[in-house]
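What's in coords35.txt: compact mmCIF, C-alpha atoms
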# COMPACT_ATOMS: atom_id res chain seq x y z
CA MET A 212 17.52 7.55 17.62
CA LYS A 213 18.08 8.04 13.90
CA TYR A 214 16.03 6.05 11.41
CA TYR A 215 16.35 5.89 7.64
CA PHE A 216 13.57 5.58 5.12
CA TYR A 217 12.86 5.61 1.40
CA VAL A 218 10.23 7.74 -0.33
CA GLY A 219 8.61 6.76 -3.61
CA SER A 220 7.35 9.52 -5.86
CA PHE A 221 5.55 10.40 -9.07
CA GLU A 222 8.73 12.25 -9.93
CA ASN A 223 11.66 10.35 -11.46
CA GLU A 224 13.57 9.76 -8.23
CA LEU A 225 13.75 7.40 -5.29
CA SER A 226 14.61 9.50 -2.22
CA VAL A 227 16.71 8.36 0.75
CA CYS A 228 15.78 10.21 3.95
CA SER A 229 16.36 10.20 7.69
CA ILE A 230 14.57 11.21 10.87
CA ASP A 231 16.21 11.90 14.21
CA THR A 232 13.65 11.21 16.93
CA GLU A 233 15.62 13.24 19.48
CA THR A 234 15.92 16.45 17.46
CA LEU A 235 12.79 15.69 15.35
CA GLN A 236 14.70 16.64 12.22
CA MET A 237 13.72 15.01 8.94
CA GLU A 238 15.94 15.43 5.90
CA LYS A 239 16.64 14.04 2.48
CA ILE A 240 20.19 12.68 2.42
CA GLY A 241 20.34 11.13 -1.05
CA GLY A 242 18.45 9.82 -4.00
CA VAL A 243 18.51 7.56 -7.04
CA ALA A 244 17.30 8.88 -10.38
CA HIS A 245 15.03 6.60 -12.37
CA GLU A 246 13.73 6.68 -15.93
CA PHE A 247 10.15 6.25 -14.73
CA ARG A 248 8.23 6.98 -11.54
CA PRO A 249 9.17 4.71 -8.57
CA ALA A 250 5.81 5.28 -6.92
CA GLN A 251 5.43 2.20 -4.70
CA LEU A 252 8.12 0.45 -2.68
CA SER A 253 8.49 -2.94 -1.01
CA MET A 254 11.31 -5.04 0.43
CA ASN A 255 12.36 -8.65 0.60
CA HIS A 256 12.00 -10.49 3.88
CA ASP A 257 15.47 -9.74 5.28
CA MET A 258 15.38 -6.11 4.04
CA THR A 259 18.42 -6.44 1.79
CA VAL A 260 16.59 -5.73 -1.49
CA LEU A 261 14.20 -2.89 -2.35
CA TYR A 262 11.63 -3.24 -5.15
CA THR A 263 9.97 -0.33 -6.92
CA ALA A 264 6.76 -0.40 -8.92
CA ASN A 265 7.37 2.18 -11.65
CA GLU A 266 3.91 3.25 -12.77
CA ASN A 267 3.77 5.56 -15.78
CA SER A 268 0.38 6.83 -16.93
CA ASP A 269 1.91 8.53 -19.98
CA GLY A 270 3.95 5.65 -21.36
CA PRO A 271 5.85 2.46 -20.52
CA GLY A 272 6.70 1.59 -16.93
CA GLY A 273 8.01 -1.49 -15.14
CA VAL A 274 9.61 -2.88 -11.99
CA SER A 275 13.10 -2.48 -10.54
CA SER A 276 15.21 -4.08 -7.82
CA TYR A 277 17.91 -2.40 -5.72
CA SER A 278 20.55 -3.98 -3.52
CA LEU A 279 20.60 -2.52 0.01
CA LEU A 280 24.02 -3.81 1.03
CA LYS A 281 24.70 -0.11 1.46
CA PRO A 282 21.22 1.02 2.63
CA LEU A 283 21.91 4.72 2.08
CA GLN A 284 23.11 4.05 -1.47
CA PRO A 285 20.62 1.70 -3.16
CA MET A 286 22.21 0.02 -6.19
CA LEU A 287 20.08 -0.94 -9.19
CA THR A 288 20.28 -4.71 -9.86
CA GLY A 289 17.30 -5.30 -12.13
CA ASP A 290 14.99 -3.24 -14.33
CA ILE A 291 12.18 -4.88 -16.34
CA LYS A 292 9.90 -3.05 -18.76
CA PRO A 293 7.05 -5.37 -19.80
CA GLY A 294 5.74 -2.97 -22.46
CA ASN A 295 2.76 -1.53 -20.58
CA HIS A 296 2.25 1.29 -18.07
CA GLY A 297 3.91 -0.64 -15.25
CA PRO A 298 2.43 -1.77 -11.94
CA ALA A 299 0.94 0.47 -9.27
CA PHE A 300 1.98 -2.11 -6.69
CA ALA A 301 4.44 -4.99 -6.51
CA ALA A 302 5.19 -7.51 -3.77
CA LEU A 303 7.42 -10.54 -3.31
CA THR A 304 5.97 -14.02 -2.85
CA LYS A 305 6.67 -15.65 0.50
CA ASP A 306 9.30 -18.00 -0.95
CA GLY A 307 11.15 -15.01 -2.45
CA LYS A 308 11.21 -16.55 -5.94
CA TYR A 309 8.79 -14.19 -7.66
CA LEU A 310 7.71 -10.56 -7.70
CA ILE A 311 4.07 -9.97 -8.58
CA GLY A 312 2.88 -6.62 -9.89
CA ALA A 313 -0.60 -5.18 -10.40
CA SER A 314 -0.86 -2.69 -13.27
CA PHE A 315 -3.61 -0.17 -12.59
CA PHE A 316 -3.73 1.38 -16.04
CA ASP A 317 -3.61 -1.97 -17.86
CA GLY A 318 -5.64 -4.17 -15.52
CA VAL A 319 -2.91 -6.82 -15.63
CA ALA A 320 -1.28 -8.88 -12.90
CA GLU A 321 2.29 -9.82 -13.81
CA LEU A 322 4.68 -12.50 -12.56
CA PHE A 323 8.39 -11.64 -12.57
CA ALA A 324 11.30 -13.98 -11.85
CA VAL A 325 13.69 -13.14 -9.00
CA ASP A 326 17.20 -14.61 -8.77
CA GLU A 327 19.07 -15.89 -5.70
CA ASN A 328 20.31 -12.37 -4.94
CA GLY A 329 16.82 -10.88 -5.05
CA ALA A 330 17.24 -9.17 -8.43
CA VAL A 331 14.24 -9.10 -10.74
CA THR A 332 15.24 -10.79 -14.02
CA GLU A 333 12.33 -11.35 -16.43
CA LEU A 334 8.59 -11.32 -17.00
CA LEU A 335 7.23 -14.87 -16.82
CA ASP A 336 3.47 -14.54 -17.09
CA SER A 337 0.55 -12.15 -16.97
CA TYR A 338 -3.14 -12.35 -16.12
CA GLN A 339 -5.59 -9.93 -17.74
CA PHE A 340 -8.51 -8.80 -15.60
CA GLU A 341 -11.62 -8.28 -17.72
CA THR A 342 -14.27 -6.56 -15.62
CA THR A 343 -14.89 -2.89 -16.31
CA GLY A 344 -16.99 -0.66 -14.14
CA THR A 345 -17.58 2.68 -12.55
CA ALA A 346 -15.21 3.33 -9.67
CA CYS A 347 -17.55 5.65 -7.84
CA ASN A 348 -21.06 5.12 -6.52
CA ASP A 349 -22.35 8.40 -7.96
CA GLY A 350 -20.86 7.68 -11.40
CA THR A 351 -18.54 10.70 -11.50
CA PHE A 352 -15.32 8.73 -11.90
CA GLY A 353 -15.76 6.27 -14.74
CA GLN A 354 -13.42 3.33 -15.29
CA GLY A 355 -13.90 2.22 -18.88
CA THR A 356 -11.10 -0.35 -18.77
CA PRO A 357 -10.15 -3.14 -16.35
CA ARG A 358 -7.91 -2.05 -13.48
CA CYS A 359 -6.21 -3.85 -10.61
CA HIS A 360 -4.19 -2.32 -7.81
CA CYS A 361 -2.72 -4.15 -4.79
CA VAL A 362 -0.78 -7.41 -4.31
CA TYR A 363 -0.71 -9.05 -0.88
CA PRO A 364 0.72 -12.50 -0.02
CA LEU A 365 -1.53 -14.36 2.42
CA LYS A 366 0.00 -15.33 5.76
CA ASN A 367 -1.70 -18.71 6.10
CA SER A 368 -0.91 -20.14 2.63
CA ASP A 369 1.12 -19.59 -0.53
CA LEU A 370 -1.75 -17.77 -2.21
CA ILE A 371 -1.52 -14.12 -3.24
CA ALA A 372 -4.44 -11.70 -2.93
CA ILE A 373 -4.90 -9.09 -5.68
CA THR A 374 -7.53 -6.35 -5.70
CA ASP A 375 -9.66 -6.17 -8.85
CA TYR A 376 -10.22 -2.41 -8.69
CA SER A 377 -12.75 -1.96 -11.50
CA GLY A 378 -14.48 -5.26 -10.78
CA ASP A 379 -14.87 -4.46 -7.06
CA ARG A 380 -13.50 -7.88 -6.20
CA LEU A 381 -10.85 -9.46 -4.04
CA THR A 382 -9.12 -12.32 -5.86
CA THR A 383 -6.55 -14.94 -4.88
CA PHE A 384 -3.92 -16.47 -7.14
CA ALA A 385 -1.41 -19.30 -6.97
CA VAL A 386 1.88 -19.57 -8.83
CA GLU A 387 1.87 -22.91 -10.65
CA ASN A 388 4.56 -23.86 -13.17
CA GLU A 389 5.57 -20.19 -13.36
CA LYS A 390 2.02 -19.15 -14.24
CA LEU A 391 -0.50 -17.01 -12.35
CA VAL A 392 -3.60 -19.14 -11.71
CA LEU A 393 -6.83 -17.59 -10.43
CA LYS A 394 -8.15 -19.56 -7.44
CA THR A 395 -10.95 -17.65 -5.70
CA GLU A 396 -12.77 -14.33 -5.83
CA TYR A 397 -15.13 -12.32 -3.65
CA GLN A 398 -17.55 -9.71 -4.99
CA PHE A 399 -18.07 -6.45 -3.11
CA GLU A 400 -20.75 -3.86 -3.85
CA ARG A 401 -20.29 -2.46 -7.35
CA GLY A 402 -18.75 0.99 -7.52
CA GLU A 403 -16.56 0.70 -4.38
CA ALA A 404 -13.18 0.42 -6.19
CA THR A 405 -11.34 -2.24 -4.19
CA ARG A 406 -7.89 -0.73 -3.61
CA PHE A 407 -5.67 -1.92 -0.75
CA ILE A 408 -5.16 -4.76 1.72
CA THR A 409 -3.45 -5.14 5.07
CA ASP A 410 -3.56 -7.94 7.63
CA CYS A 411 -4.45 -8.38 11.27
CA PRO A 412 -1.05 -8.72 13.01
CA PHE A 413 -2.18 -11.39 15.47
CA ARG A 414 -4.46 -13.45 13.18
CA ASP A 415 -3.25 -15.31 10.09
CA ASP A 416 -6.77 -15.53 8.63
CA LEU A 417 -7.94 -11.90 8.94
CA TYR A 418 -7.39 -9.12 6.41
CA TYR A 419 -8.64 -5.56 6.13
CA VAL A 420 -9.65 -4.52 2.60
CA LEU A 421 -9.98 -0.86 1.66
CA ALA A 422 -12.50 0.44 -0.89
CA GLU A 423 -11.22 3.67 -2.45
CA TYR A 424 -14.42 5.33 -3.64
CA GLY A 425 -16.72 3.41 -1.34
CA SER A 426 -14.70 4.84 1.59
CA LYS A 427 -15.11 1.58 3.47
CA VAL A 428 -13.00 -0.99 5.27
CA HIS A 429 -14.08 -4.64 5.00
CA VAL A 430 -12.95 -7.26 7.51
CA MET A 431 -12.32 -10.45 5.52
CA GLN A 432 -11.66 -13.92 6.85
CA ILE A 433 -9.64 -15.92 4.32
CA ASP A 434 -8.70 -19.56 4.87
CA GLU A 435 -5.67 -21.41 3.51
CA ASN A 436 -7.59 -22.34 0.34
CA GLY A 437 -8.56 -18.73 -0.39
CA ASN A 438 -12.22 -19.09 0.64
CA MET A 439 -13.44 -15.69 1.81
CA LYS A 440 -16.06 -14.51 4.27
CA GLU A 441 -16.89 -10.89 5.12
CA LEU A 442 -17.25 -10.34 8.86
CA CYS A 443 -18.04 -6.63 9.03
CA CYS A 444 -17.66 -3.30 7.26
CA ALA A 445 -17.29 0.33 8.39
CA SER A 446 -17.14 3.74 6.74
CA THR A 447 -13.97 5.84 6.87
CA LEU A 448 -16.08 9.01 6.86
CA GLU A 449 -18.02 10.82 9.56
CA GLU A 450 -20.33 12.34 6.99
CA GLU A 451 -20.29 12.22 3.21
CA LYS A 452 -20.44 15.85 2.10
CA LYS A 453 -18.09 15.64 -0.87
CA GLN A 454 -16.23 13.28 -3.15
CA ASN A 455 -13.65 11.24 -1.27
CA SER A 456 -11.05 8.65 -2.14
CA THR A 457 -9.10 6.60 0.35
CA ALA A 458 -5.48 5.64 -0.26
CA ALA A 459 -3.52 3.82 2.46
CA ILE A 460 -4.48 1.40 5.23
CA LYS A 461 -2.19 0.14 8.03
CA THR A 462 -2.32 -1.14 11.59
CA THR A 463 -0.07 -0.81 14.60
CA LYS A 464 2.18 -3.81 15.27
CA ASP A 465 0.07 -4.96 18.20
CA GLY A 466 -3.09 -4.86 16.07
CA LYS A 467 -4.85 -2.49 18.42
CA TYR A 468 -5.44 0.37 15.99
CA LEU A 469 -6.11 0.72 12.27
CA TYR A 470 -5.60 3.88 10.16
CA VAL A 471 -6.92 4.96 6.75
CA THR A 472 -6.13 8.09 4.72
CA ASN A 473 -9.09 10.06 3.34
CA ARG A 474 -7.68 12.07 0.43
CA GLY A 475 -10.84 14.09 -0.17
CA TYR A 476 -10.77 15.38 3.41
CA ASP A 477 -6.98 15.32 3.99
CA ASN A 478 -7.36 13.38 7.19
CA ILE A 479 -6.70 9.96 8.66
CA ALA A 480 -9.57 7.94 10.10
CA VAL A 481 -8.57 6.09 13.27
CA PHE A 482 -10.22 2.81 14.33
CA GLU A 483 -9.85 0.71 17.44
CA ILE A 484 -9.74 -2.98 16.52
CA THR A 485 -11.99 -5.14 18.70
CA ASN A 486 -13.45 -8.65 19.01
CA ASN A 487 -10.18 -10.48 18.41
CA GLY A 488 -9.58 -8.55 15.20
CA GLU A 489 -13.00 -9.25 13.70
CA SER A 490 -14.52 -5.78 14.10
CA PHE A 491 -13.51 -2.20 14.81
CA GLU A 492 -14.86 1.11 16.02
CA ARG A 493 -13.98 4.47 14.50
CA ILE A 494 -12.67 6.67 17.30
CA GLY A 495 -11.67 9.85 15.50
CA PHE A 496 -9.91 11.73 12.72
CA VAL A 497 -6.63 13.61 12.51
CA ARG A 498 -5.84 16.36 10.03
CA THR A 499 -2.82 15.47 7.88
CA GLY A 500 -2.15 18.38 5.50
CA VAL A 501 -3.76 20.13 2.58
CA GLY A 502 -2.50 18.18 -0.39
CA TYR A 503 -4.00 14.72 -0.98
CA SER A 504 -2.77 12.45 1.81
CA ARG A 505 -1.43 9.51 -0.19
CA ASP A 506 0.49 7.35 2.28
CA PHE A 507 1.83 7.15 5.83
CA SER A 508 4.27 5.04 7.77
CA PHE A 509 5.33 4.53 11.38
CA THR A 510 8.88 4.82 12.64
CA PRO A 511 10.15 1.35 13.66
CA ASP A 512 9.49 2.13 17.34
CA GLU A 513 5.99 3.40 16.42
CA GLU A 514 6.55 6.62 18.36
CA TYR A 515 5.94 8.73 15.24
CA MET A 516 3.86 8.65 12.08
CA LEU A 517 5.06 10.21 8.82
CA VAL A 518 2.34 11.27 6.34
CA ALA A 519 2.95 11.93 2.63
CA SER A 520 0.95 14.92 1.35
CA MET A 521 1.27 14.26 -2.37
CA PHE A 522 0.11 17.44 -4.09
CA GLU A 523 1.62 19.64 -1.40
CA GLY A 524 5.01 17.95 -1.78
CA LYS A 525 5.56 17.47 1.94
CA ILE A 526 5.94 14.77 4.57
CA TYR A 527 4.36 15.67 7.91
CA LEU A 528 5.40 14.37 11.32
CA HIS A 529 2.89 13.22 13.93
CA LYS A 530 3.50 11.97 17.49
CA MET A 531 1.69 8.74 18.32
CA ASN A 532 -0.43 8.72 21.48
CA HIS A 533 -0.39 5.06 22.50
CA ARG A 534 -3.08 5.56 25.12
CA THR A 535 -5.69 6.94 22.70
CA GLY A 536 -4.33 5.67 19.37
CA MET A 537 -4.55 9.17 17.93
CA PRO A 538 -1.62 10.65 15.95
CA GLU A 539 -0.93 14.21 17.11
CA PRO A 540 0.27 16.76 14.49
CA MET A 541 3.58 18.39 15.45
CA GLY A 542 3.77 21.16 12.86
CA ILE A 543 7.00 19.67 11.46
CA SER A 544 7.45 18.77 7.80
CA MET A 545 10.02 18.18 5.08
CA ASP A 546 9.82 18.83 1.35
CA ILE A 547 9.75 15.90 -1.09
CA PRO A 548 8.35 16.32 -4.62
CA VAL A 549 5.07 14.41 -5.10
CA PRO A 550 5.62 11.78 -2.34
CA THR A 551 3.56 8.61 -2.79
CA ASN A 552 4.99 5.91 -0.50
CA ILE A 553 7.18 5.73 2.64
CA VAL A 554 9.15 2.61 3.65
CA PHE A 555 11.60 2.37 6.57
CA CYS A 556 14.79 0.33 6.29

Kindly return the structure encoded in the file as structure tokens.
Amino acid sequence: MKYYFYVGSFENELSVCSIDTETLQMEKIGGVAHEFRPAQLSMNHDMTVLYTANENSDGPGGVSSYSLLKPLQPMLTGDIKPGNHGPAFAALTKDGKYLIGASFFDGVAELFAVDENGAVTELLDSYQFETTGTACNDGTFGQGTPRCHCVYPLKNSDLIAITDYSGDRLTTFAVENEKLVLKTEYQFERGEATRFITDCPFRDDLYYVLAEYGSKVHVMQIDENGNMKELCCASTLEEEKKQNSTAAIKTTKDGKYLYVTNRGYDNIAVFEITNNGESFERIGFVRTGVGYSRDFSFTPDEEYMLVASMFEGKIYLHKMNHRTGMPEPMGISMDIPVPTNIVFC
């Protein structure tokens, strides 16, 4: 079976790639040049439009939309530059009317309009986070300005969750009269650096929240009004011998296993999800590469895992063991400059 996927990068290109699961060959088959860095990717609900969050630490960034009527030849349909560094993450609201971005370097959540064809058209509103802090418990990685990171629409309501990275908070927002309105917030331990969110596939009220420098996963129960309750928490590390930062968090489709990348150790922590999604047990680690494991993604049949080793400039292939949940390294890789995000089409 041949699958196609897109790779975001801190280089100025969106890569189009393929993997043949019979020959185990991965290759880059095309690409789209971009003025800025298309580092994070997301799609609309019917997978006909691709959105890129174009984060630029050295200057202005923005968001872009691409038509996927020809999936192997993404066509630019919208490109908005709001005048800041651009978002680290962007996601579509459930109704498909808005794209919401979270700008890490500016600490701003931004609301963009989306037309009937899925193209991003204009910046409508922004919300400035205000909390500053230290994004590391030992104080070695200071954050002197507000920062936010991830956008995640809730499954059980129209609210959108956004991680307040420097404030170590999880917040929820509503879109009201084309404005972002803060609804609720939950405070984690200071210094954790709240980074990413994913959901429990079989529960609409459960979400897994990743702390980058705390190296923790929090199980959060969030109701339709955005009220939050923490059910449990676990470390992504076996032992804390050196500085670590986590990056990506994802589950299998059946919600049986959860995976987190540890960039300081270049491994993936593997958890078995238990108690109807409300807790988990760490069952092992798998080595991923030697260059800052930024992201990973499963092939659509979940037979393989692809891992982006950012500083090494490679994507590694792992075989999924469905009995144990452990990805098994295959010694197969492909070269992609500074890969940051992998999304299958």

For the interface of stretch 390-488 of chain A with stretch 313-330 of chain A (cut-off 10 Å, counting all atoms listed in the file), please tabulate each contacting residue of stretch 390-488 of chain A alongside its nearest pair of atoms and their separation in Å to one decimal, rows sorted by chain and increasing number, as a Markdown table.
| residue | atom | partner | partner_atom | distance |
| --- | --- | --- | --- | --- |
| A:Lys390 | CA | A:Leu322 | CA | 7.4 |
| A:Leu391 | CA | A:Leu322 | CA | 6.9 |
| A:Arg406 | CA | A:Phe315 | CA | 10.0 |

For a cutoff of 7 Å around the file-coordinate point (10.1, 3.1, -12.9), which residues qualify once you count only C-alpha atoms? I'd like the result as a PyMOL selection string.
chain A and resi 245-249+263-266+272-275

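Closest approach to A:Thr382 among A:Ile460, A:Met439, A:Ser426, A:Tyr418 is made by A:Met439 (distances from all atoms listed in the file).
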
Atom CA of A:Glu387 to atom CA of A:Thr374, distance in Å rounded to a single decimal
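Here the two named atoms are 19.7 Å from each other.
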
Quick one, how far is atom CA of A:Met521 from atom CA of A:Val554?
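These atoms are spaced 15.3 Å apart.
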
Sorted per-residue table, stretch 332-439 of chain A near stretch 285-303 of chain A, closest atoms and distance, 9 Å, only C-alpha atoms, as a Markdown table:
| residue | atom | partner | partner_atom | distance |
| --- | --- | --- | --- | --- |
| A:Thr332 | CA | A:Gly289 | CA | 6.2 |
| A:Glu333 | CA | A:Ile291 | CA | 6.5 |
| A:Leu334 | CA | A:Pro293 | CA | 6.8 |
| A:Cys359 | CA | A:Ala299 | CA | 8.5 |
| A:His360 | CA | A:Ala299 | CA | 6.0 |
| A:Cys361 | CA | A:Phe300 | CA | 5.5 |
| A:Val362 | CA | A:Ala302 | CA | 6.0 |
| A:Tyr363 | CA | A:Ala302 | CA | 6.7 |
| A:Pro364 | CA | A:Ala302 | CA | 7.7 |

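Minimum atom-to-atom distances from A:Lys440, A:Arg505, A:Lys239, A:His533 to A:Glu483 were compared using only C-alpha atoms, and the lowest value belongs to A:His533.
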
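Residues in contact with A:Asp369 at 10 Å, where only C-alpha atoms are counted and same-chain residues fewer than 4 positions away are skipped, are listed as A:Thr304, A:Lys305, A:Asp306, A:Pro364, A:Leu365, A:Thr383, A:Phe384, A:Ala385, A:Val386, A:Glu435, A:Asn436, A:Gly437.
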
Residues as selected, C-alpha atoms, written as a PDB file, in the coordinates of the input, can you do that?
ATOM      1  CA  THR A 304       5.970 -14.020  -2.850  1.00  0.00           C
ATOM      2  CA  LYS A 305       6.670 -15.650   0.500  1.00  0.00           C
ATOM      3  CA  ASP A 306       9.300 -18.000  -0.950  1.00  0.00           C
ATOM      4  CA  PRO A 364       0.720 -12.500  -0.020  1.00  0.00           C
ATOM      5  CA  LEU A 365      -1.530 -14.360   2.420  1.00  0.00           C
ATOM      6  CA  THR A 383      -6.550 -14.940  -4.880  1.00  0.00           C
ATOM      7  CA  PHE A 384      -3.920 -16.470  -7.140  1.00  0.00           C
ATOM      8  CA  ALA A 385      -1.410 -19.300  -6.970  1.00  0.00           C
ATOM      9  CA  VAL A 386       1.880 -19.570  -8.830  1.00  0.00           C
ATOM     10  CA  GLU A 435      -5.670 -21.410   3.510  1.00  0.00           C
ATOM     11  CA  ASN A 436      -7.590 -22.340   0.340  1.00  0.00           C
ATOM     12  CA  GLY A 437      -8.560 -18.730  -0.390  1.00  0.00           C
TER      13      GLY A 437
END

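The two atoms in question, atom CA of A:Thr499 and atom CA of A:Pro412, are spaced 24.8 Å apart.
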
Within 8 Å of A:Ser220, counting all atoms listed in the file, which residues show up once you throw out same-chain ones fewer than 2 positions away? Write them as a compact mmCIF listing (two decimals) with C-alpha atoms, in the coordinates of the input, please.
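Result written to around_13.txt:
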# COMPACT_ATOMS: atom_id res chain seq x y z
CA VAL A 218 10.23 7.74 -0.33
CA GLU A 222 8.73 12.25 -9.93
CA ASN A 223 11.66 10.35 -11.46
CA GLU A 224 13.57 9.76 -8.23
CA LEU A 225 13.75 7.40 -5.29
CA ARG A 248 8.23 6.98 -11.54
CA PRO A 249 9.17 4.71 -8.57
CA ALA A 250 5.81 5.28 -6.92
CA GLN A 251 5.43 2.20 -4.70
CA PRO A 548 8.35 16.32 -4.62
CA VAL A 549 5.07 14.41 -5.10
CA PRO A 550 5.62 11.78 -2.34
CA THR A 551 3.56 8.61 -2.79
CA ASN A 552 4.99 5.91 -0.50

Among listed residues A:Leu381, A:Met531, A:Met212, A:Ile526, nearest A:Ile547 (using all atoms listed in the file):
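Under the stated criterion, the closest residue is A:Ile526.
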
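For stretch 447-450 of chain A, the list of residues within 10 Å, based on only C-alpha atoms and with local chain neighbours fewer than 6 positions off taken out, reads Leu421, Ala422, Glu423, Gly425, Ser426, Lys427, Val428, Ser456, Thr457, Tyr470, Val471, Thr472, Asn473, Tyr476, Asn478, Ile479, Ala480, Val481, Phe482, Arg493, Gly495 and Phe496 of chain A.
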
Min atom-atom distance to A:Glu489 from the set A:Gly466, A:Gly312, A:Gly542, A:Gly241, counting only C-alpha atoms, belongs to A:Gly466

When you count all atoms listed in the file, which of these residues is closest to A:Ser544: A:Lys213, A:Met237, A:Gln454, A:Asp512?
A:Met237

In terms of only C-alpha atoms, the residue from A:Cys228, A:Leu235, A:Phe413, A:Ser337 at minimal distance from A:Leu528 is A:Leu235
